[in-house]
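entry-v4.cif (mmCIF, C-alpha atoms and all ligand atoms)
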data_target
#
loop_
_atom_site.label_atom_id
_atom_site.label_comp_id
_atom_site.auth_asym_id
_atom_site.auth_seq_id
_atom_site.Cartn_x
_atom_site.Cartn_y
_atom_site.Cartn_z
CA LEU A 1 -186.69 9.59 -54.96
CA LEU A 2 -184.47 12.57 -54.38
CA PHE A 3 -182.37 11.77 -57.44
CA SER A 4 -185.15 10.65 -59.82
CA GLY A 5 -184.62 12.23 -63.21
CA CYS A 6 -180.87 12.79 -62.66
CA THR A 7 -178.17 11.22 -64.77
CA ASP A 8 -175.67 8.92 -63.00
CA ASN A 9 -173.06 11.64 -63.25
CA GLU A 10 -175.32 14.19 -61.58
CA LYS A 11 -176.16 11.73 -58.80
CA GLU A 12 -172.49 11.19 -58.03
CA LYS A 13 -171.89 14.92 -57.91
CA ALA A 14 -174.80 15.45 -55.52
CA VAL A 15 -173.45 12.82 -53.17
CA GLU A 16 -169.98 14.35 -53.30
CA THR A 17 -171.13 17.88 -52.49
CA LYS A 18 -173.48 16.84 -49.66
CA PRO A 19 -171.81 18.36 -46.55
CA LEU A 20 -170.25 15.65 -44.46
CA ILE A 21 -170.88 15.61 -40.73
CA GLN A 22 -167.52 16.26 -39.19
CA LYS A 23 -167.31 14.62 -35.82
CA GLY A 24 -165.67 16.77 -33.18
CA GLU A 25 -165.49 19.79 -35.45
CA TYR A 26 -166.07 21.91 -32.33
CA VAL A 27 -164.77 20.96 -28.90
CA LEU A 28 -166.72 22.35 -25.97
CA LYS A 29 -165.05 21.94 -22.59
CA PHE A 30 -167.45 22.35 -19.66
CA SER A 31 -165.70 22.88 -16.33
CA HIS A 32 -167.35 22.68 -12.93
CA VAL A 33 -166.33 22.20 -9.31
CA VAL A 34 -168.87 19.77 -7.88
CA SER A 35 -169.11 15.96 -7.98
CA PRO A 36 -170.75 14.28 -10.97
CA ASN A 37 -173.58 13.02 -8.72
CA THR A 38 -175.00 16.50 -7.99
CA PRO A 39 -177.69 18.51 -9.77
CA LYS A 40 -175.11 20.52 -11.74
CA GLY A 41 -172.94 17.46 -12.43
CA LYS A 42 -175.83 15.38 -13.75
CA ALA A 43 -177.25 18.22 -15.82
CA ALA A 44 -173.82 18.88 -17.38
CA ASP A 45 -173.60 15.20 -18.34
CA TYR A 46 -177.14 15.31 -19.72
CA PHE A 47 -176.26 18.42 -21.75
CA GLU A 48 -173.21 16.63 -23.16
CA LYS A 49 -175.25 13.65 -24.29
CA ARG A 50 -178.08 15.74 -25.75
CA LEU A 51 -175.94 18.24 -27.62
CA GLU A 52 -173.78 15.50 -29.13
CA GLU A 53 -176.94 13.70 -30.25
CA LEU A 54 -178.53 16.83 -31.68
CA THR A 55 -175.38 17.83 -33.60
CA GLU A 56 -174.53 14.25 -34.60
CA GLY A 57 -171.19 14.68 -32.88
CA ARG A 58 -170.17 17.91 -34.63
CA ILE A 59 -169.87 19.44 -31.17
CA ASP A 60 -167.81 17.25 -28.88
CA VAL A 61 -168.76 18.16 -25.29
CA GLN A 62 -166.21 17.29 -22.60
CA VAL A 63 -167.28 17.71 -18.99
CA TYR A 64 -164.60 18.21 -16.31
CA PRO A 65 -166.11 17.87 -12.79
CA SER A 66 -164.66 18.34 -9.28
CA SER A 67 -162.40 21.38 -9.98
CA GLN A 68 -160.22 19.19 -12.24
CA LEU A 69 -159.79 21.99 -14.74
CA TYR A 70 -160.53 25.26 -12.91
CA LYS A 71 -161.34 26.20 -9.34
CA ASP A 72 -164.23 28.48 -8.49
CA ASN A 73 -164.08 31.92 -10.14
CA ALA A 74 -160.84 31.21 -12.04
CA VAL A 75 -163.09 29.72 -14.69
CA LEU A 76 -164.53 33.13 -15.54
CA LYS A 77 -161.16 34.41 -16.73
CA ALA A 78 -160.58 31.19 -18.65
CA LEU A 79 -163.93 31.63 -20.40
CA LYS A 80 -162.89 35.10 -21.50
CA LEU A 81 -159.77 33.61 -23.07
CA ASP A 82 -161.80 30.76 -24.58
CA SER A 83 -159.47 28.28 -22.80
CA VAL A 84 -162.70 26.66 -21.63
CA GLN A 85 -166.04 27.09 -23.36
CA MET A 86 -168.68 26.56 -20.71
CA ALA A 87 -169.17 26.70 -16.96
CA ALA A 88 -171.92 27.11 -14.39
CA PRO A 89 -170.39 29.03 -11.47
CA SER A 90 -172.53 29.82 -8.47
CA PHE A 91 -173.80 33.40 -8.38
CA SER A 92 -171.35 34.42 -5.65
CA LYS A 93 -168.46 33.73 -7.96
CA PHE A 94 -169.49 36.48 -10.36
CA GLY A 95 -168.73 39.03 -7.62
CA LYS A 96 -166.06 40.92 -9.56
CA ILE A 97 -167.99 40.90 -12.83
CA VAL A 98 -171.66 41.33 -11.93
CA PRO A 99 -171.92 41.78 -8.15
CA GLN A 100 -175.69 42.21 -8.57
CA LEU A 101 -176.00 38.43 -9.00
CA ALA A 102 -175.42 38.23 -5.25
CA LEU A 103 -179.13 39.02 -5.05
CA PHE A 104 -179.54 35.25 -4.95
CA ASP A 105 -177.24 35.01 -1.92
CA LEU A 106 -179.44 37.25 0.24
CA PRO A 107 -180.62 35.10 3.15
CA PHE A 108 -184.33 34.35 3.46
CA LEU A 109 -185.17 36.34 0.31
CA PHE A 110 -187.07 33.50 -1.36
CA LYS A 111 -190.10 31.87 0.19
CA ASP A 112 -189.56 28.62 -1.67
CA MET A 113 -188.25 27.20 -4.95
CA TYR A 114 -191.42 28.26 -6.76
CA HIS A 115 -190.87 31.89 -5.77
CA LEU A 116 -187.23 31.65 -6.75
CA HIS A 117 -188.02 30.26 -10.21
CA ARG A 118 -190.57 33.04 -10.78
CA VAL A 119 -187.80 35.56 -10.07
CA GLN A 120 -185.28 33.80 -12.32
CA ASP A 121 -187.77 33.33 -15.16
CA GLY A 122 -189.11 36.90 -14.87
CA VAL A 123 -187.92 40.50 -15.30
CA VAL A 124 -185.33 40.40 -12.51
CA GLY A 125 -183.71 37.25 -13.93
CA GLN A 126 -183.59 38.75 -17.42
CA LYS A 127 -181.98 41.98 -16.13
CA LEU A 128 -179.27 39.98 -14.41
CA LYS A 129 -178.57 37.86 -17.48
CA ASP A 130 -178.32 41.02 -19.59
CA MET A 131 -175.73 42.42 -17.18
CA VAL A 132 -173.63 39.29 -17.62
CA SER A 133 -174.00 39.39 -21.43
CA SER A 134 -172.86 43.02 -21.44
CA LYS A 135 -169.62 41.86 -19.77
CA GLY A 136 -168.74 39.57 -22.65
CA TYR A 137 -170.25 36.22 -21.74
CA GLU A 138 -173.07 34.29 -23.34
CA ALA A 139 -175.52 33.94 -20.43
CA LEU A 140 -177.50 30.80 -21.12
CA SER A 141 -179.58 29.64 -18.18
CA PHE A 142 -180.10 29.55 -14.43
CA TRP A 143 -179.51 26.19 -12.76
CA ASP A 144 -180.45 25.19 -9.22
CA ASN A 145 -178.77 23.54 -6.38
CA HIS A 146 -181.11 24.22 -3.45
CA PHE A 147 -181.32 25.90 -0.07
CA LYS A 148 -178.27 25.85 2.19
CA GLN A 149 -177.83 24.44 5.68
CA LEU A 150 -175.36 25.44 8.40
CA SER A 151 -172.87 23.10 9.99
CA SER A 152 -170.26 23.34 12.70
CA SER A 153 -167.82 21.21 14.61
CA THR A 154 -167.66 23.56 17.58
CA LYS A 155 -171.16 24.25 18.81
CA PRO A 156 -174.73 23.36 17.83
CA LEU A 157 -176.26 26.28 15.95
CA ILE A 158 -179.72 26.82 17.35
CA LYS A 159 -179.86 30.54 18.07
CA PRO A 160 -178.11 33.17 15.92
CA GLU A 161 -175.88 33.97 18.95
CA ASP A 162 -174.49 30.43 18.75
CA ALA A 163 -172.57 31.48 15.63
CA GLU A 164 -170.71 34.25 17.49
CA GLY A 165 -166.96 33.98 17.10
CA GLN A 166 -167.12 30.85 14.93
CA LYS A 167 -165.21 30.75 11.65
CA PHE A 168 -167.34 29.86 8.65
CA ARG A 169 -166.16 29.20 5.14
CA ILE A 170 -167.93 31.33 2.57
CA MET A 171 -167.83 31.67 -1.20
CA SER A 172 -166.45 34.97 -2.47
CA SER A 173 -169.57 37.01 -1.80
CA LYS A 174 -170.03 40.33 -0.02
CA VAL A 175 -173.55 39.27 0.91
CA LEU A 176 -172.37 36.09 2.58
CA GLU A 177 -169.69 38.05 4.37
CA ALA A 178 -172.34 40.47 5.69
CA GLN A 179 -174.65 37.61 6.63
CA PHE A 180 -172.07 36.05 8.95
CA HIS A 181 -170.96 39.41 10.34
CA ALA A 182 -174.61 40.07 11.22
CA VAL A 183 -174.49 37.18 13.70
CA GLY A 184 -171.03 38.01 15.03
CA ALA A 185 -169.26 35.18 13.18
CA ASN A 186 -166.00 35.26 11.20
CA PRO A 187 -166.47 34.54 7.51
CA GLN A 188 -163.46 33.16 5.61
CA MET A 189 -163.45 33.02 1.83
CA MET A 190 -162.18 29.70 0.56
CA PRO A 191 -162.44 27.75 -2.71
CA PHE A 192 -164.92 24.89 -2.68
CA SER A 193 -162.15 22.35 -3.30
CA GLU A 194 -160.46 23.30 0.01
CA VAL A 195 -163.48 23.16 2.32
CA TYR A 196 -163.17 19.50 3.31
CA SER A 197 -159.55 19.82 4.44
CA GLY A 198 -160.31 23.19 6.05
CA LEU A 199 -162.98 21.55 8.20
CA GLN A 200 -160.92 18.46 8.89
CA GLN A 201 -157.92 20.46 10.05
CA GLY A 202 -160.00 22.94 12.02
CA VAL A 203 -158.92 25.97 9.95
CA ILE A 204 -162.65 26.73 9.91
CA ASP A 205 -165.32 25.68 12.40
CA GLY A 206 -168.19 25.43 10.00
CA GLN A 207 -169.67 26.07 6.61
CA GLU A 208 -172.92 26.53 4.73
CA ASN A 209 -173.98 24.52 1.72
CA THR A 210 -176.78 22.42 0.29
CA ASN A 211 -177.36 18.87 1.44
CA SER A 212 -176.21 17.67 -1.96
CA ASN A 213 -172.86 19.46 -1.77
CA ILE A 214 -172.41 18.49 1.88
CA TYR A 215 -173.05 14.83 1.19
CA THR A 216 -171.07 14.46 -2.03
CA LYS A 217 -168.02 16.22 -0.56
CA LYS A 218 -168.38 14.41 2.80
CA PHE A 219 -168.46 17.64 4.83
CA HIS A 220 -170.87 15.94 7.27
CA GLU A 221 -168.12 13.48 8.16
CA VAL A 222 -165.93 16.29 9.48
CA GLN A 223 -168.67 18.22 11.30
CA LYS A 224 -170.51 17.52 14.55
CA TYR A 225 -173.69 19.54 14.06
CA LEU A 226 -175.89 20.19 11.06
CA THR A 227 -178.73 22.69 11.41
CA ILE A 228 -181.51 22.61 8.83
CA THR A 229 -181.92 26.33 8.28
CA ASN A 230 -182.68 26.57 4.53
CA HIS A 231 -181.54 30.16 5.05
CA GLY A 232 -180.10 30.94 1.65
CA TYR A 233 -180.21 29.67 -1.89
CA LEU A 234 -177.36 28.22 -3.95
CA GLY A 235 -177.68 28.32 -7.69
CA TYR A 236 -175.75 28.89 -10.89
CA LEU A 237 -175.62 30.82 -14.08
CA VAL A 238 -174.61 28.71 -17.06
CA VAL A 239 -172.27 30.77 -19.22
CA MET A 240 -170.46 30.18 -22.48
CA SER A 241 -167.38 31.79 -23.95
CA GLU A 242 -168.51 34.55 -26.30
CA LYS A 243 -165.82 33.65 -28.79
CA PHE A 244 -166.94 30.03 -28.93
CA TRP A 245 -170.59 31.02 -29.28
CA ALA A 246 -169.79 33.38 -32.15
CA SER A 247 -167.77 30.66 -33.89
CA LEU A 248 -170.81 28.38 -34.13
CA PRO A 249 -172.96 28.46 -37.25
CA LYS A 250 -176.55 29.55 -36.55
CA GLN A 251 -177.93 26.03 -36.89
CA LEU A 252 -175.55 24.77 -34.17
CA GLN A 253 -176.36 27.72 -31.91
CA GLU A 254 -179.98 26.64 -32.17
CA LYS A 255 -179.06 23.13 -31.07
CA VAL A 256 -177.18 24.55 -28.07
CA ILE A 257 -180.34 26.41 -27.06
CA ILE A 258 -182.48 23.28 -27.40
CA ALA A 259 -180.00 21.19 -25.37
CA ILE A 260 -179.64 23.82 -22.65
CA ASN A 261 -183.41 24.25 -22.30
CA GLU A 262 -183.89 20.52 -21.93
CA ALA A 263 -180.96 20.25 -19.51
CA THR A 264 -182.44 23.07 -17.43
CA GLN A 265 -185.74 21.23 -17.05
CA LYS A 266 -183.84 18.11 -15.98
CA GLU A 267 -181.60 20.13 -13.69
CA ARG A 268 -184.55 21.38 -11.67
CA GLU A 269 -185.74 17.79 -11.21
CA TYR A 270 -182.26 16.56 -10.24
CA ALA A 271 -181.97 19.41 -7.72
CA GLU A 272 -185.12 18.32 -5.89
CA GLU A 273 -184.42 14.60 -6.09
CA LEU A 274 -180.77 14.67 -5.12
CA ASN A 275 -181.12 17.12 -2.24
CA THR A 276 -183.84 14.92 -0.72
CA GLN A 277 -182.01 11.67 -1.39
CA GLN A 278 -178.66 12.92 -0.17
CA PHE A 279 -180.19 14.43 2.97
CA ASN A 280 -181.60 10.97 3.75
CA LEU A 281 -178.11 9.56 3.34
CA ILE A 282 -176.72 12.15 5.76
CA LYS A 283 -179.45 11.17 8.25
CA GLU A 284 -178.55 7.51 7.83
CA TYR A 285 -174.89 8.34 8.50
CA ALA A 286 -175.88 10.30 11.63
CA GLN A 287 -178.00 7.42 12.96
CA LYS A 288 -175.43 4.75 12.20
CA THR A 289 -172.34 6.47 13.52
CA GLY A 290 -173.73 8.78 16.19
CA LYS A 291 -171.06 11.27 15.09
CA LEU A 292 -173.37 13.94 13.72
CA GLU A 293 -176.29 15.69 15.34
CA ILE A 294 -178.97 17.00 12.98
CA ILE A 295 -180.88 19.97 14.35
CA GLN A 296 -184.36 20.89 13.12
CA LEU A 297 -185.39 24.41 14.13
CA THR A 298 -188.81 25.37 15.43
CA LYS A 299 -190.64 28.17 13.62
CA GLU A 300 -189.64 30.65 16.36
CA GLN A 301 -185.99 29.63 16.17
CA LYS A 302 -185.98 30.02 12.40
CA ASP A 303 -187.65 33.43 12.70
CA ALA A 304 -184.85 34.54 15.01
CA TRP A 305 -182.27 33.67 12.32
CA ARG A 306 -184.36 35.43 9.68
CA LYS A 307 -184.55 38.56 11.80
CA ALA A 308 -180.85 38.55 12.59
CA VAL A 309 -179.64 38.23 9.00
CA SER A 310 -182.25 39.89 6.82
CA LYS A 311 -181.36 43.26 8.31
CA ILE A 312 -178.45 43.33 5.86
CA TYR A 313 -180.71 43.93 2.80
CA PRO A 314 -180.50 47.78 2.89
CA ASP A 315 -176.69 47.55 2.83
CA PHE A 316 -177.07 46.30 -0.73
CA TYR A 317 -179.59 48.87 -2.04
CA ASP A 318 -176.79 50.71 -3.86
CA LYS A 319 -177.07 49.73 -7.52
CA ASN A 320 -173.34 49.03 -7.73
CA LYS A 321 -173.81 46.43 -5.02
CA ILE A 322 -177.15 44.82 -5.91
CA GLY A 323 -179.78 47.56 -6.18
CA GLU A 324 -182.98 48.37 -4.33
CA ASP A 325 -185.07 47.77 -7.47
CA LEU A 326 -183.76 44.22 -7.85
CA ILE A 327 -184.15 43.36 -4.15
CA LYS A 328 -187.65 44.82 -3.92
CA GLY A 329 -188.53 43.39 -7.33
CA ALA A 330 -187.57 39.91 -6.15
CA LEU A 331 -189.48 40.29 -2.89
CA ALA A 332 -192.60 41.47 -4.73
CA THR A 333 -192.52 38.67 -7.33
CA GLU A 334 -195.47 36.33 -6.94
C1 LIG B 1 -169.46 26.43 -3.34
O1 LIG B 1 -168.39 26.97 -3.59
O2 LIG B 1 -169.82 26.12 -2.20
C2 LIG B 1 -170.41 26.13 -4.48
O3 LIG B 1 -170.36 27.20 -5.37
C3 LIG B 1 -170.03 24.89 -5.16
C4 LIG B 1 -170.97 24.65 -6.31
O4 LIG B 1 -170.62 24.98 -7.43
O5 LIG B 1 -172.06 24.15 -6.02
#
Could you take the file, read its structure, and then write that structure out as structure tokens?
Amino acid sequence: LLFSGCTDNEKEKAVETKPLIQKGEYVLKFSHVVSPNTPKGKAADYFEKRLEELTEGRIDVQVYPSSQLYKDNAVLKALKLDSVQMAAPSFSKFGKIVPQLALFDLPFLFKDMYHLHRVQDGVVGQKLKDMVSSKGYEALSFWDNHFKQLSSSTKPLIKPEDAEGQKFRIMSSKVLEAQFHAVGANPQMMPFSEVYSGLQQGVIDGQENTNSNIYTKKFHEVQKYLTITNHGYLGYLVVMSEKFWASLPKQLQEKVIIAINEATQKEREYAEELNTQQFNLIKEYAQKTGKLEIIQLTKEQKDAWRKAVSKIYPDFYDKNKIGEDLIKGALATE
């Protein structure tokens, strides 16, 4: 139908000039540090599949999990150089670029995941993304892991005082450092890829992470006590190299946006599902082996932790740290 009324010669010409889909015209490397079977890992794989479908292979997405390509915050430098095109580092790892993202590290700031999503999807979230964009990154989307739990091999953590003198691994975050200092503990910054051996060799006594990260990296197998505190949130900002983004024609940029929006919806589902599932697997391990004690806190016990650590908020009111407006804005979000 398209060619009706054309001569044979004209038809041939039209076929010749039709732009050919060039497979792998753009290569997008996506580096992350967690296992494939985690919310971030699964969403990255979903994004790969969707974007390749939507662009008919013009963008070849290659996902590198488990710190294979870059560890922790090293990826942010690599993104600047366009040595890698996409990553989803946790907020703490933006410390040197946009320290204000550590808002999400503040313990007990969010009532639940609903509250958290309202903050991310609202004014506060947009302000933070703009700060990252102004530093030369394409800030795409917030992704979840979930709330963190505390574990130790030295002492069960029931009261905040139980943490006194214990060494805990933290991500590179001033907020997390302050959180552990507030209970008299010793925070030690360490890349995610070194936590398992750090726990196994006793370089650190304990750590904090989500059930999904604990299970998939087997931290529970080298810890004696796991306290369900849900004290802080772990999440990510998906960022793209500015150079790569600018190299894409508009119609491909639009496909990236579609794929990332869909992947974000999926990511939130994976985060809920996997954290529940993987917590059940940790419980099964504890029951079977008797090597891990899981501690559920009473409301009073949890309130004591909240009181002990939330006193650090005013230390971050300075706008070069986080900013009072962002902290109060998040607290007031309904
Ligand atoms: C961590 O270092 O504990 C996390 O940032 C790992 C991750 O990306 O979930």
*May I have the residues within 9 Å of ligand LIG 1 (chain B), computed using all atoms listed in the file, as JSON, numbers by chain?*
{"A": [32, 33, 34, 35, 38, 39, 40, 72, 88, 89, 90, 91, 92, 93, 145, 169, 170, 171, 172, 190, 191, 192, 193, 195, 207, 208, 209, 210, 212, 213, 234, 235, 236]}
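Closest approach to Lys307 (chain A) among A:Ala259, A:Leu326, A:Ile204, A:Val183: A:Val183, based on only C-alpha atoms.
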*asked:* At a cut-off of 9 Å, using all atoms listed in the file, what residues contact Pro107 (chain A)? Leave out same-chain residues fewer than 3 positions from it and give the result as a VMD selection string.
replied: chain A and resid 104 110 175 to 176 179 230 to 233 306 309 to 310 312 to 313
*Do a neighbour search on Tyr196 (chain A) at 10 Å with all atoms listed in the file, toss out local chain neighbours closer than 5 positions, and write the hits as number ranges by chain.*
A: 201-202, 204, 207, 214, 217-223
*Could you give me, as a ChimeraX atom specification, the residues that have an atom at most 12 Å away from the point (-175.7, 35.1, 17.5) in the coordinates of the file, using only C-alpha atoms?*
/A:155-166,179-186,301,304-309
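With CA of Ile327 (chain A) on one side and CA of Gln149 (chain A) on the other, the separation reads 22.2 Å.
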